[in-house]
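Printed here is work14.csv (CSV, C-alpha atoms):
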```csv
chain,number,residue,atom,x,y,z
C,1,VAL,CA,0.0,0.0,0.0
C,2,GLY,CA,3.0,2.3,-0.1
C,3,LEU,CA,4.2,2.3,3.5
C,4,ASN,CA,7.9,1.7,4.2
C,5,PRO,CA,9.2,-0.7,5.6
C,6,PRO,CA,6.2,-2.8,4.6
C,7,PHE,CA,7.0,-6.0,6.6
C,8,VAL,CA,7.7,-4.2,9.9
C,9,LEU,CA,4.6,-2.1,9.7
C,10,ALA,CA,2.4,-5.1,8.7
C,11,VAL,CA,3.7,-7.0,11.8
C,12,ILE,CA,3.2,-3.9,14.1
C,13,ASP,CA,-0.4,-3.4,12.7
C,14,GLY,CA,-1.2,-7.1,13.1
C,15,VAL,CA,0.0,-7.2,16.7
C,16,LEU,CA,-1.9,-4.0,17.4
C,17,GLU,CA,-5.1,-5.3,16.0
C,18,LEU,CA,-4.8,-8.7,17.7
C,19,ALA,CA,-3.7,-7.4,21.1
C,20,GLY,CA,-6.0,-4.4,20.9
C,21,GLY,CA,-9.0,-6.7,20.2
C,22,VAL,CA,-8.1,-8.9,23.2
C,23,LEU,CA,-7.6,-5.8,25.5
C,24,LEU,CA,-10.9,-4.3,24.4
C,25,ALA,CA,-12.7,-7.6,25.0
C,26,VAL,CA,-11.5,-7.8,28.6
C,27,GLY,CA,-11.7,-4.0,29.1
C,28,PHE,CA,-8.1,-3.3,30.0
C,29,LEU,CA,-6.6,0.1,28.9
C,30,THR,CA,-9.8,0.7,26.9
C,31,ARG,CA,-9.3,4.3,26.1
C,32,TRP,CA,-5.7,4.0,25.0
C,33,VAL,CA,-6.3,0.9,22.9
C,34,SER,CA,-9.3,2.6,21.2
C,35,ILE,CA,-7.2,5.6,20.2
C,36,ALA,CA,-4.5,3.4,18.8
C,37,LEU,CA,-7.0,1.3,16.8
C,38,ALA,CA,-8.8,4.4,15.5
C,39,ILE,CA,-5.4,5.7,14.2
C,40,SER,CA,-4.8,2.4,12.6
C,41,MET,CA,-8.2,2.5,10.9
C,42,GLY,CA,-7.5,6.1,9.8
C,43,VAL,CA,-4.3,4.9,8.0
C,44,ALA,CA,-6.3,2.1,6.4
C,45,ILE,CA,-8.8,4.5,5.1
C,46,TRP,CA,-6.1,6.9,3.8
C,47,LYS,CA,-4.0,4.2,2.1
C,48,VAL,CA,-6.5,1.6,1.0
C,49,HIS,CA,-10.2,2.4,1.1
C,50,TYR,CA,-10.3,6.1,0.1
C,51,GLN,CA,-9.7,5.4,-3.6
C,52,TRP,CA,-12.8,3.2,-3.8
C,53,GLY,CA,-15.2,5.8,-2.5
C,54,PHE,CA,-17.6,5.6,0.5
C,55,PHE,CA,-19.7,2.5,0.0
C,56,LEU,CA,-18.7,-1.1,0.3
C,57,ASN,CA,-18.5,-3.4,-2.7
C,58,TRP,CA,-21.9,-5.1,-2.2
C,59,MET,CA,-21.9,-6.7,-5.7
C,60,GLY,CA,-18.5,-8.3,-5.2
C,61,ALA,CA,-17.0,-6.9,-8.3
C,62,ALA,CA,-13.5,-8.3,-8.8
C,63,ASP,CA,-12.1,-5.1,-10.2
C,64,ARG,CA,-13.2,-2.9,-7.3
C,65,GLY,CA,-12.1,-2.8,-3.7
C,66,GLN,CA,-14.1,-2.0,-0.5
C,67,GLY,CA,-15.0,1.6,0.3
C,68,MET,CA,-14.5,3.3,3.6
C,69,GLU,CA,-18.0,2.9,5.0
C,70,TYR,CA,-17.2,0.1,7.4
C,71,SER,CA,-14.0,1.7,8.5
C,72,ILE,CA,-15.7,4.9,9.4
C,73,VAL,CA,-18.3,2.9,11.5
C,74,LEU,CA,-15.4,1.3,13.3
C,75,ILE,CA,-13.7,4.6,14.0
C,76,ALA,CA,-17.0,6.0,15.4
C,77,ALA,CA,-17.4,2.9,17.7
C,78,LEU,CA,-13.8,3.3,18.9
C,79,ALA,CA,-14.3,7.0,19.5
C,80,CYS,CA,-17.3,6.1,21.7
C,81,LEU,CA,-15.2,3.7,23.6
C,82,ALA,CA,-12.4,6.2,24.0
C,83,LEU,CA,-14.8,8.8,25.4
C,84,SER,CA,-16.8,6.5,27.7
C,85,GLY,CA,-14.3,3.9,28.8
C,86,GLY,CA,-14.9,0.2,29.3
C,87,GLY,CA,-17.7,0.4,31.8
C,88,ASP,CA,-18.3,-1.1,35.2
C,89,ALA,CA,-17.8,-4.8,34.2
C,90,SER,CA,-14.4,-4.2,32.6
C,91,ILE,CA,-11.0,-4.5,34.2
C,92,ASP,CA,-10.7,-0.7,34.0
C,93,GLY,CA,-14.0,-0.3,35.8
C,94,VAL,CA,-13.0,-2.7,38.6
C,95,ASN,CA,-9.7,-0.9,39.0
C,96,GLN,CA,-11.5,2.5,39.2
C,97,ARG,CA,-13.9,1.3,41.8
C,98,SER,CA,-11.0,-0.1,43.9
C,99,ALA,CA,-9.2,3.2,43.6
C,100,ASP,CA,-12.3,5.1,44.6
C,101,ARG,CA,-12.9,2.8,47.6
C,102,ASP,CA,-9.3,3.2,48.7
C,103,ALA,CA,-9.5,7.0,48.5
C,104,ALA,CA,-12.8,7.0,50.5
C,105,GLY,CA,-11.2,4.8,53.1
C,106,ARG,CA,-8.2,7.1,53.5
C,107,ALA,CA,-10.6,10.1,53.8
C,108,ARG,CA,-12.5,8.3,56.5
C,109,LEU,CA,-9.3,7.6,58.4
C,110,ARG,CA,-8.4,11.3,58.3
C,111,GLY,CA,-11.9,12.2,59.6
C,112,LYS,CA,-13.0,14.1,56.4
C,113,ILE,CA,-16.2,12.2,55.9
```
Translate the structure of the given file into structure tokens.
Amino acid sequence: VGLNPPFVLAVIDGVLELAGGVLLAVGFLTRWVSIALAISMGVAIWKVHYQWGFFLNWMGAADRGQGMEYSIVLIAALACLALSGGGDASIDGVNQRSADRDAAGRARLRGKI
């Protein structure tokens, strides 16, 4: 697609997408992983999908690639995750609740509550 060095960048992107998908599934580092994956999808739109227009190739024409429609939907979903976080059931949510509980406990010990 015109990026250099091609093999190194392909390996980095493959590891990013695999590890990023796993991290998003368990909800760990959700905001940072979402930003990294959105940047990756932006590069994919720029280098691959933009030339084929907006819409996907629904007819399966062999001489035409896929448009950027699906990639834009993925970027929008990743932006929502980056803004909202992983939620209460994620590892990030559990860690946040633990940090809030610890801070409240320290405040109680100091007599501020």
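Using only C-alpha atoms, the smallest distance between any of C:Ile35, C:Ala89, C:Leu18, C:Ile45 and C:Glu69 comes from C:Ile45.
Counting only C-alpha atoms and comparing C:Leu3, C:Val15, C:Leu9, C:Val26, the residue that lies closest to C:Ile91 is C:Val26.
Atom CA of C:Leu16 to atom CA of C:Asn57 spans 26.1 Å [interatomic distance, one decimal].
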Would you please work out which residue, of C:Ala44, C:Ala107, C:Val1, C:Leu29, is nearest to C:Gly86 when using all atoms listed in the file? C:Leu29
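Here atom CA of C:Ser84 is placed at a distance of 9.1 Å from atom CA of C:Thr30.
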For the atom pair atom CA of C:Asp92 and atom CA of C:Ala10, what is the interatomic distance in Å to one decimal place? 28.8 Å
